[in-house]
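Okay, protein.pdb is below, PDB, C-alpha atoms:
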```pdb
ATOM      1  CA  MET W  26     -11.520  17.277  -1.807  1.00  0.00           C
ATOM      2  CA  LYS W  27     -12.538  18.491  -5.269  1.00  0.00           C
ATOM      3  CA  GLY W  28      -8.884  19.276  -5.960  1.00  0.00           C
ATOM      4  CA  ILE W  29      -7.833  15.724  -5.103  1.00  0.00           C
ATOM      5  CA  LEU W  30     -10.508  14.218  -7.345  1.00  0.00           C
ATOM      6  CA  SER W  31      -9.901  16.560 -10.273  1.00  0.00           C
ATOM      7  CA  GLY W  32      -6.136  16.075  -9.993  1.00  0.00           C
ATOM      8  CA  THR W  33      -6.502  12.281 -10.003  1.00  0.00           C
ATOM      9  CA  LEU W  34      -8.810  12.375 -13.022  1.00  0.00           C
ATOM     10  CA  ALA W  35      -6.531  14.790 -14.886  1.00  0.00           C
ATOM     11  CA  ALA W  36      -3.489  12.593 -14.288  1.00  0.00           C
ATOM     12  CA  PHE W  37      -5.440   9.527 -15.394  1.00  0.00           C
ATOM     13  CA  ALA W  38      -6.565  11.249 -18.598  1.00  0.00           C
ATOM     14  CA  ALA W  39      -3.105  12.617 -19.399  1.00  0.00           C
ATOM     15  CA  LEU W  40      -1.426   9.259 -18.971  1.00  0.00           C
ATOM     16  CA  ALA W  41      -4.140   7.517 -20.957  1.00  0.00           C
ATOM     17  CA  ILE W  42      -3.615   9.924 -23.870  1.00  0.00           C
ATOM     18  CA  ALA W  43       0.144   9.455 -23.671  1.00  0.00           C
ATOM     19  CA  GLY W  44      -0.309   5.698 -23.644  1.00  0.00           C
ATOM     20  CA  SER W  45      -2.602   5.679 -26.657  1.00  0.00           C
ATOM     21  CA  ALA W  46      -0.167   7.877 -28.577  1.00  0.00           C
ATOM     22  CA  SER W  47       2.667   5.455 -27.968  1.00  0.00           C
ATOM     23  CA  ALA W  48       3.155   2.726 -30.534  1.00  0.00           C
ATOM     24  CA  GLN W  49       4.769   0.391 -28.014  1.00  0.00           C
ATOM     25  CA  SER W  50       2.700  -1.196 -25.263  1.00  0.00           C
ATOM     26  CA  LEU W  51       3.961  -0.521 -21.735  1.00  0.00           C
ATOM     27  CA  PRO W  52       3.585  -2.975 -18.828  1.00  0.00           C
ATOM     28  CA  LEU W  53       1.704  -0.264 -16.918  1.00  0.00           C
ATOM     29  CA  SER W  54      -1.918   0.169 -15.923  1.00  0.00           C
ATOM     30  CA  LEU W  55      -3.767   3.078 -14.333  1.00  0.00           C
ATOM     31  CA  GLU W  56      -6.749   2.707 -12.041  1.00  0.00           C
ATOM     32  CA  ILE W  57      -9.226   5.006 -10.310  1.00  0.00           C
ATOM     33  CA  ARG W  58     -11.505   3.673  -7.561  1.00  0.00           C
ATOM     34  CA  GLY W  59     -14.443   4.820  -5.455  1.00  0.00           C
ATOM     35  CA  GLY W  60     -16.712   3.184  -2.926  1.00  0.00           C
ATOM     36  CA  LEU W  61     -18.029   2.835   0.608  1.00  0.00           C
ATOM     37  CA  PRO W  62     -15.883   2.265   3.734  1.00  0.00           C
ATOM     38  CA  PHE W  63     -17.265   0.676   6.919  1.00  0.00           C
ATOM     39  CA  PRO W  64     -15.418   1.300  10.222  1.00  0.00           C
ATOM     40  CA  THR W  65     -14.294  -1.678  12.304  1.00  0.00           C
ATOM     41  CA  GLY W  66     -12.628  -2.247  15.675  1.00  0.00           C
ATOM     42  CA  GLU W  67     -11.232   0.697  17.621  1.00  0.00           C
ATOM     43  CA  LEU W  68     -12.142   3.177  14.903  1.00  0.00           C
ATOM     44  CA  ASN W  69     -15.716   3.108  16.204  1.00  0.00           C
ATOM     45  CA  ASP W  70     -14.441   4.205  19.632  1.00  0.00           C
ATOM     46  CA  VAL W  71     -13.169   7.454  18.102  1.00  0.00           C
ATOM     47  CA  GLY W  72     -16.676   8.127  16.783  1.00  0.00           C
ATOM     48  CA  ASN W  73     -18.194   7.328  20.173  1.00  0.00           C
ATOM     49  CA  ASP W  74     -15.907   9.920  21.789  1.00  0.00           C
ATOM     50  CA  ILE W  75     -17.369  12.751  19.688  1.00  0.00           C
ATOM     51  CA  GLY W  76     -20.801  11.438  18.679  1.00  0.00           C
ATOM     52  CA  ASP W  77     -22.886   8.303  18.270  1.00  0.00           C
ATOM     53  CA  GLY W  78     -20.209   6.346  16.426  1.00  0.00           C
ATOM     54  CA  LEU W  79     -19.071   6.389  12.835  1.00  0.00           C
ATOM     55  CA  GLY W  80     -21.261   5.597   9.886  1.00  0.00           C
ATOM     56  CA  PRO W  81     -20.132   4.609   6.395  1.00  0.00           C
ATOM     57  CA  GLY W  82     -18.661   7.385   4.304  1.00  0.00           C
ATOM     58  CA  TYR W  83     -16.914   7.376   0.959  1.00  0.00           C
ATOM     59  CA  THR W  84     -13.477   6.558  -0.391  1.00  0.00           C
ATOM     60  CA  LEU W  85     -11.645   7.691  -3.545  1.00  0.00           C
ATOM     61  CA  GLY W  86      -8.266   6.661  -4.859  1.00  0.00           C
ATOM     62  CA  GLY W  87      -5.977   6.096  -7.775  1.00  0.00           C
ATOM     63  CA  SER W  88      -2.985   3.892  -8.474  1.00  0.00           C
ATOM     64  CA  VAL W  89      -0.393   2.892 -11.052  1.00  0.00           C
ATOM     65  CA  THR W  90       0.605  -0.770 -11.466  1.00  0.00           C
ATOM     66  CA  LEU W  91       3.795  -2.016 -13.111  1.00  0.00           C
ATOM     67  CA  ASP W  92       3.652  -5.631 -14.335  1.00  0.00           C
ATOM     68  CA  VAL W  93       6.825  -7.419 -13.269  1.00  0.00           C
ATOM     69  CA  ALA W  94       5.674 -10.918 -14.301  1.00  0.00           C
ATOM     70  CA  PRO W  95       2.805 -12.303 -16.426  1.00  0.00           C
ATOM     71  CA  ARG W  96       0.256 -12.093 -13.577  1.00  0.00           C
ATOM     72  CA  VAL W  97       2.161 -10.119 -10.929  1.00  0.00           C
ATOM     73  CA  GLY W  98       2.174  -6.344 -10.588  1.00  0.00           C
ATOM     74  CA  VAL W  99       3.651  -3.798  -8.200  1.00  0.00           C
ATOM     75  CA  TYR W 100       1.203  -0.977  -7.423  1.00  0.00           C
ATOM     76  CA  ALA W 101       1.526   2.456  -5.826  1.00  0.00           C
ATOM     77  CA  GLY W 102      -1.229   4.974  -5.245  1.00  0.00           C
ATOM     78  CA  TYR W 103      -3.105   7.402  -3.022  1.00  0.00           C
ATOM     79  CA  THR W 104      -6.394   6.945  -1.134  1.00  0.00           C
ATOM     80  CA  PHE W 105      -8.735   9.450   0.550  1.00  0.00           C
ATOM     81  CA  THR W 106     -11.455   8.195   2.911  1.00  0.00           C
ATOM     82  CA  ARG W 107     -14.058  10.064   4.945  1.00  0.00           C
ATOM     83  CA  PHE W 108     -16.470   8.787   7.583  1.00  0.00           C
ATOM     84  CA  ASP W 109     -19.461  10.678   8.967  1.00  0.00           C
ATOM     85  CA  VAL W 110     -19.991  10.935  12.729  1.00  0.00           C
ATOM     86  CA  GLU W 111     -23.555   9.866  13.465  1.00  0.00           C
ATOM     87  CA  GLY W 112     -25.525  12.490  15.359  1.00  0.00           C
ATOM     88  CA  PHE W 113     -23.217  15.325  14.198  1.00  0.00           C
ATOM     89  CA  GLU W 114     -23.605  16.170  10.525  1.00  0.00           C
ATOM     90  CA  GLU W 115     -20.936  18.868  10.757  1.00  0.00           C
ATOM     91  CA  ILE W 116     -18.212  16.510  12.018  1.00  0.00           C
ATOM     92  CA  GLY W 117     -16.360  13.838  10.095  1.00  0.00           C
ATOM     93  CA  LEU W 118     -13.268  11.665  10.269  1.00  0.00           C
ATOM     94  CA  ARG W 119     -10.773  11.675   7.393  1.00  0.00           C
ATOM     95  CA  THR W 120      -7.935   9.311   6.600  1.00  0.00           C
ATOM     96  CA  ASP W 121      -5.649   9.598   3.616  1.00  0.00           C
ATOM     97  CA  GLY W 122      -2.219   8.620   2.410  1.00  0.00           C
ATOM     98  CA  PHE W 123      -0.106   6.457   0.152  1.00  0.00           C
ATOM     99  CA  ASP W 124      -0.459   2.757  -0.670  1.00  0.00           C
ATOM    100  CA  ALA W 125       2.004   0.307  -2.233  1.00  0.00           C
ATOM    101  CA  GLY W 126       2.172  -3.453  -2.637  1.00  0.00           C
ATOM    102  CA  LEU W 127       1.725  -6.466  -4.900  1.00  0.00           C
ATOM    103  CA  ARG W 128      -1.271  -7.334  -7.072  1.00  0.00           C
ATOM    104  CA  LEU W 129      -1.752 -10.893  -8.320  1.00  0.00           C
ATOM    105  CA  ALA W 130      -4.127 -11.741 -11.182  1.00  0.00           C
ATOM    106  CA  LEU W 131      -5.293 -15.331 -10.810  1.00  0.00           C
ATOM    107  CA  PRO W 132      -5.530 -17.566 -13.905  1.00  0.00           C
ATOM    108  CA  THR W 133      -8.830 -17.596 -15.787  1.00  0.00           C
ATOM    109  CA  THR W 134     -10.197 -18.840 -19.105  1.00  0.00           C
ATOM    110  CA  THR W 135     -12.951 -16.218 -19.370  1.00  0.00           C
ATOM    111  CA  GLY W 136     -13.153 -12.441 -19.612  1.00  0.00           C
ATOM    112  CA  ILE W 137     -13.687 -12.273 -15.843  1.00  0.00           C
ATOM    113  CA  GLY W 138     -10.591 -12.897 -13.721  1.00  0.00           C
ATOM    114  CA  PRO W 139     -10.098 -12.819  -9.931  1.00  0.00           C
ATOM    115  CA  TRP W 140      -7.333 -10.728  -8.375  1.00  0.00           C
ATOM    116  CA  VAL W 141      -5.826 -10.308  -4.912  1.00  0.00           C
ATOM    117  CA  LYS W 142      -3.549  -7.644  -3.475  1.00  0.00           C
ATOM    118  CA  GLY W 143      -1.586  -6.916  -0.330  1.00  0.00           C
ATOM    119  CA  GLY W 144       0.746  -4.178   0.751  1.00  0.00           C
ATOM    120  CA  LEU W 145       1.620  -1.288   3.031  1.00  0.00           C
ATOM    121  CA  VAL W 146      -0.244   1.952   3.675  1.00  0.00           C
ATOM    122  CA  TYR W 147       1.221   5.191   4.994  1.00  0.00           C
ATOM    123  CA  HIS W 148      -1.856   7.054   6.246  1.00  0.00           C
ATOM    124  CA  ASP W 149      -2.923   9.587   8.824  1.00  0.00           C
ATOM    125  CA  ALA W 150      -6.272  10.458  10.416  1.00  0.00           C
ATOM    126  CA  GLU W 151      -7.960  13.722  11.331  1.00  0.00           C
ATOM    127  CA  VAL W 152     -11.240  14.844  12.870  1.00  0.00           C
ATOM    128  CA  LEU W 153     -12.860  17.371  10.510  1.00  0.00           C
ATOM    129  CA  PHE W 154     -15.140  20.208  11.555  1.00  0.00           C
ATOM    130  CA  ASP W 155     -17.278  22.240   9.192  1.00  0.00           C
ATOM    131  CA  GLU W 156     -16.638  25.993   9.038  1.00  0.00           C
ATOM    132  CA  GLU W 157     -19.407  26.988  11.436  1.00  0.00           C
ATOM    133  CA  VAL W 158     -18.048  24.603  14.045  1.00  0.00           C
ATOM    134  CA  GLN W 159     -14.418  25.588  13.499  1.00  0.00           C
ATOM    135  CA  SER W 160     -15.202  29.036  14.922  1.00  0.00           C
ATOM    136  CA  ASN W 161     -15.495  27.236  18.275  1.00  0.00           C
ATOM    137  CA  PRO W 162     -12.125  27.099  20.063  1.00  0.00           C
ATOM    138  CA  ARG W 163     -11.933  23.308  19.921  1.00  0.00           C
ATOM    139  CA  GLU W 164      -8.802  21.424  18.993  1.00  0.00           C
ATOM    140  CA  ILE W 165      -8.816  19.169  15.949  1.00  0.00           C
ATOM    141  CA  ASP W 166      -7.113  15.870  16.739  1.00  0.00           C
ATOM    142  CA  VAL W 167      -4.541  14.990  14.108  1.00  0.00           C
ATOM    143  CA  SER W 168      -2.516  11.814  13.777  1.00  0.00           C
ATOM    144  CA  GLU W 169       0.807  11.863  11.950  1.00  0.00           C
ATOM    145  CA  ARG W 170       1.238   9.442   9.071  1.00  0.00           C
ATOM    146  CA  LYS W 171       1.795   5.883  10.244  1.00  0.00           C
ATOM    147  CA  LEU W 172       2.568   2.608   8.512  1.00  0.00           C
ATOM    148  CA  GLY W 173      -0.101  -0.048   8.272  1.00  0.00           C
ATOM    149  CA  PHE W 174      -1.270  -2.667   5.834  1.00  0.00           C
ATOM    150  CA  GLU W 175      -4.049  -3.519   3.408  1.00  0.00           C
ATOM    151  CA  VAL W 176      -5.292  -6.753   1.880  1.00  0.00           C
ATOM    152  CA  GLY W 177      -8.032  -7.194  -0.673  1.00  0.00           C
ATOM    153  CA  GLY W 178      -9.399  -8.951  -3.685  1.00  0.00           C
ATOM    154  CA  GLY W 179     -12.036  -8.842  -6.362  1.00  0.00           C
ATOM    155  CA  VAL W 180     -12.673  -9.566  -9.998  1.00  0.00           C
ATOM    156  CA  GLU W 181     -11.578  -7.899 -13.206  1.00  0.00           C
ATOM    157  CA  ILE W 182     -14.182  -7.687 -15.963  1.00  0.00           C
ATOM    158  CA  ARG W 183     -12.730  -6.900 -19.379  1.00  0.00           C
ATOM    159  CA  LEU W 184     -14.541  -4.139 -21.271  1.00  0.00           C
ATOM    160  CA  GLY W 185     -12.117  -4.184 -24.200  1.00  0.00           C
ATOM    161  CA  GLN W 186      -8.449  -4.737 -24.977  1.00  0.00           C
ATOM    162  CA  THR W 187      -7.227  -2.034 -22.595  1.00  0.00           C
ATOM    163  CA  LEU W 188     -10.151  -1.205 -20.288  1.00  0.00           C
ATOM    164  CA  SER W 189     -11.463  -3.211 -17.316  1.00  0.00           C
ATOM    165  CA  PHE W 190     -14.080  -2.848 -14.570  1.00  0.00           C
ATOM    166  CA  THR W 191     -12.626  -3.979 -11.211  1.00  0.00           C
ATOM    167  CA  PRO W 192     -15.016  -4.304  -8.242  1.00  0.00           C
ATOM    168  CA  GLY W 193     -13.392  -5.441  -4.996  1.00  0.00           C
ATOM    169  CA  VAL W 194     -13.297  -5.528  -1.197  1.00  0.00           C
ATOM    170  CA  SER W 195     -10.323  -4.488   0.970  1.00  0.00           C
ATOM    171  CA  TYR W 196      -9.350  -4.335   4.638  1.00  0.00           C
ATOM    172  CA  VAL W 197      -7.136  -1.438   5.790  1.00  0.00           C
ATOM    173  CA  ARG W 198      -5.488  -1.005   9.191  1.00  0.00           C
ATOM    174  CA  PHE W 199      -2.910   1.378  10.650  1.00  0.00           C
ATOM    175  CA  ASN W 200      -1.998   2.685  14.087  1.00  0.00           C
ATOM    176  CA  THR W 201      -2.314   6.295  15.254  1.00  0.00           C
ATOM    177  CA  ASP W 202      -0.427   8.458  17.699  1.00  0.00           C
ATOM    178  CA  GLU W 203      -1.574  10.223  20.867  1.00  0.00           C
ATOM    179  CA  GLY W 204      -4.176  12.298  19.008  1.00  0.00           C
ATOM    180  CA  PHE W 205      -6.340   9.181  18.901  1.00  0.00           C
ATOM    181  CA  SER W 206      -4.935   7.596  22.089  1.00  0.00           C
ATOM    182  CA  ASN W 207      -2.831   5.203  20.004  1.00  0.00           C
ATOM    183  CA  ARG W 208      -5.892   3.426  18.681  1.00  0.00           C
ATOM    184  CA  ASP W 209      -5.862   1.400  15.511  1.00  0.00           C
ATOM    185  CA  VAL W 210      -7.763   2.779  12.537  1.00  0.00           C
ATOM    186  CA  SER W 211      -9.302  -0.078  10.584  1.00  0.00           C
ATOM    187  CA  TYR W 212     -12.073  -0.382   8.062  1.00  0.00           C
ATOM    188  CA  ILE W 213     -13.476  -2.569   5.327  1.00  0.00           C
ATOM    189  CA  LYS W 214     -14.276  -0.950   2.011  1.00  0.00           C
ATOM    190  CA  GLY W 215     -16.251  -2.136  -0.943  1.00  0.00           C
ATOM    191  CA  ASP W 216     -15.366  -0.234  -4.077  1.00  0.00           C
ATOM    192  CA  VAL W 217     -15.335  -0.305  -7.835  1.00  0.00           C
ATOM    193  CA  GLY W 218     -12.545   0.651 -10.168  1.00  0.00           C
ATOM    194  CA  LEU W 219     -11.861   1.477 -13.777  1.00  0.00           C
ATOM    195  CA  ARG W 220      -8.507   0.140 -14.979  1.00  0.00           C
ATOM    196  CA  MET W 221      -6.707   1.070 -18.187  1.00  0.00           C
ATOM    197  CA  ARG W 222      -3.636  -0.716 -19.545  1.00  0.00           C
ATOM    198  CA  LEU W 223      -1.159   1.443 -21.428  1.00  0.00           C
TER     199      LEU W 223
END
```
Using the file provided, produce a representation of the structure as structure tokens.
Amino acid sequence: MKGILSGTLAAFAALAIAGSASAQSLPLSLEIRGGLPFPTGELNDVGNDIGDGLGPGYTLGGSVTLDVAPRVGVYAGYTFTRFDVEGFEEIGLRTDGFDAGLRLALPTTTGIGPWVKGGLVYHDAEVLFDEEVQSNPREIDVSERKLGFEVGGGVEIRLGQTLSFTPGVSYVRFNTDEGFSNRDVSYIKGDVGLRMRL
């Protein structure tokens, strides 16, 4: 987990330095996000199978957006999400994978502008056991990566010419394989982001 976070931050910093060193502005922006996910639908059934349901966890991610029109961008990124199983501190549920889609910045006359996004996710899910529990001969259910979708929206608050604060809410859903009895994984997440234009 620390490797994912440090790698995302290092890539963000490296690209930001490269962008500031370039004399020509690129139609690219980089964004890192973090927040709280809340399980919905059949995802709670997975938690009920191994505990007292799933509680909110945390989510981290990063993305790159290429502007293809004045207010339209194509984004691609990676998201890691973990939920805690209530009643079992040593057990959690992880989902992670790649995201891609369209981001639309709605017109505004102020420094605060609404945005919406929609696209595909390619995620998997896994039940995680802490080390002391892994010594038990119990199988860890793993789902292969599956296609799904995400939709979301929020506001972009300008902090300067290149930097923005981007709080938002998203809904994510994808199907799983037999490891989770073909249940849908779905959740709502509220998160905040820091976006830098190159």
Item to check | Selection result of the PyMOL selection byres ((chain W and resi 83) around 9) on this file, as a PyMOL selection string | outcome: chain W and resi 59-63+81-82+84-85+105-108+214
Item to check | Cut-off 8 Å around (3.7, -2.8, -8.0) with all atoms listed in the file: residues as a VMD selection string | outcome: chain W and resid 89 to 93 98 to 101 125 to 128
Next on the checklist: Between CA of Thr134 (chain W) and CA of Leu219 (chain W), what distance in Å does the model show, to one decimal?
Outcome noted: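 Going from CA of Thr134 (chain W) over to CA of Leu219 (chain W), I get 21.1 Å.
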Pick out the residues sitting within 6 Å of Asp124 (chain W), and hand them over as a CSV table (one decimal) with C-alpha atoms, in the coordinates of the input; count all atoms listed in the file, and ignore anything fewer than 6 positions along from it in its own chain.
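What ended up in out.csv:
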```
chain,number,residue,atom,x,y,z
W,101,ALA,CA,1.5,2.5,-5.8
W,102,GLY,CA,-1.2,5.0,-5.2
W,103,TYR,CA,-3.1,7.4,-3.0
W,145,LEU,CA,1.6,-1.3,3.0
W,146,VAL,CA,-0.2,2.0,3.7
```
Item to check | Explicit residues for the PyMOL selection byres ((chain W and resi 117) around 7) (as an MDAnalysis selection string) | outcome: chainID W and resid 107:110 115:116 118:119 152:154
Checklist entry - Nearest to Val197 (chain W): which of W:Gly66, W:Pro95, W:Gly185, W:Gly80 is it, counting all atoms listed in the file? => result W:Gly66
Item to check | For Arg220 (chain W): contacts at 6 Å, all atoms listed in the file, fewer than 3 positions along chain excluded, given as an NGL selection string | outcome: :W and (55-56 or 188-189)
Next on the checklist: With all atoms listed in the file as the counted atoms, please give the residues lying no more than 10 Å from Arg183 (chain W), apart from itself and same-chain residues fewer than 4 positions off, as a PyMOL selection string.
Outcome noted: chain W and resi 135-138+187-191+220
Next on the checklist: For a quick check of understanding, using only C-alpha atoms, which of W:Glu151, W:Glu181, W:Glu175, W:Glu111 has the smallest distance to Phe123 (chain W)?
Outcome noted: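 For Phe123 (chain W), the nearest of the given residues is W:Glu175.
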Item to check | Length of the CA of Tyr196 (chain W) to CA of Val97 (chain W) vector [Å] | outcome: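 That distance, rounded to one decimal, is 20.2 Å.
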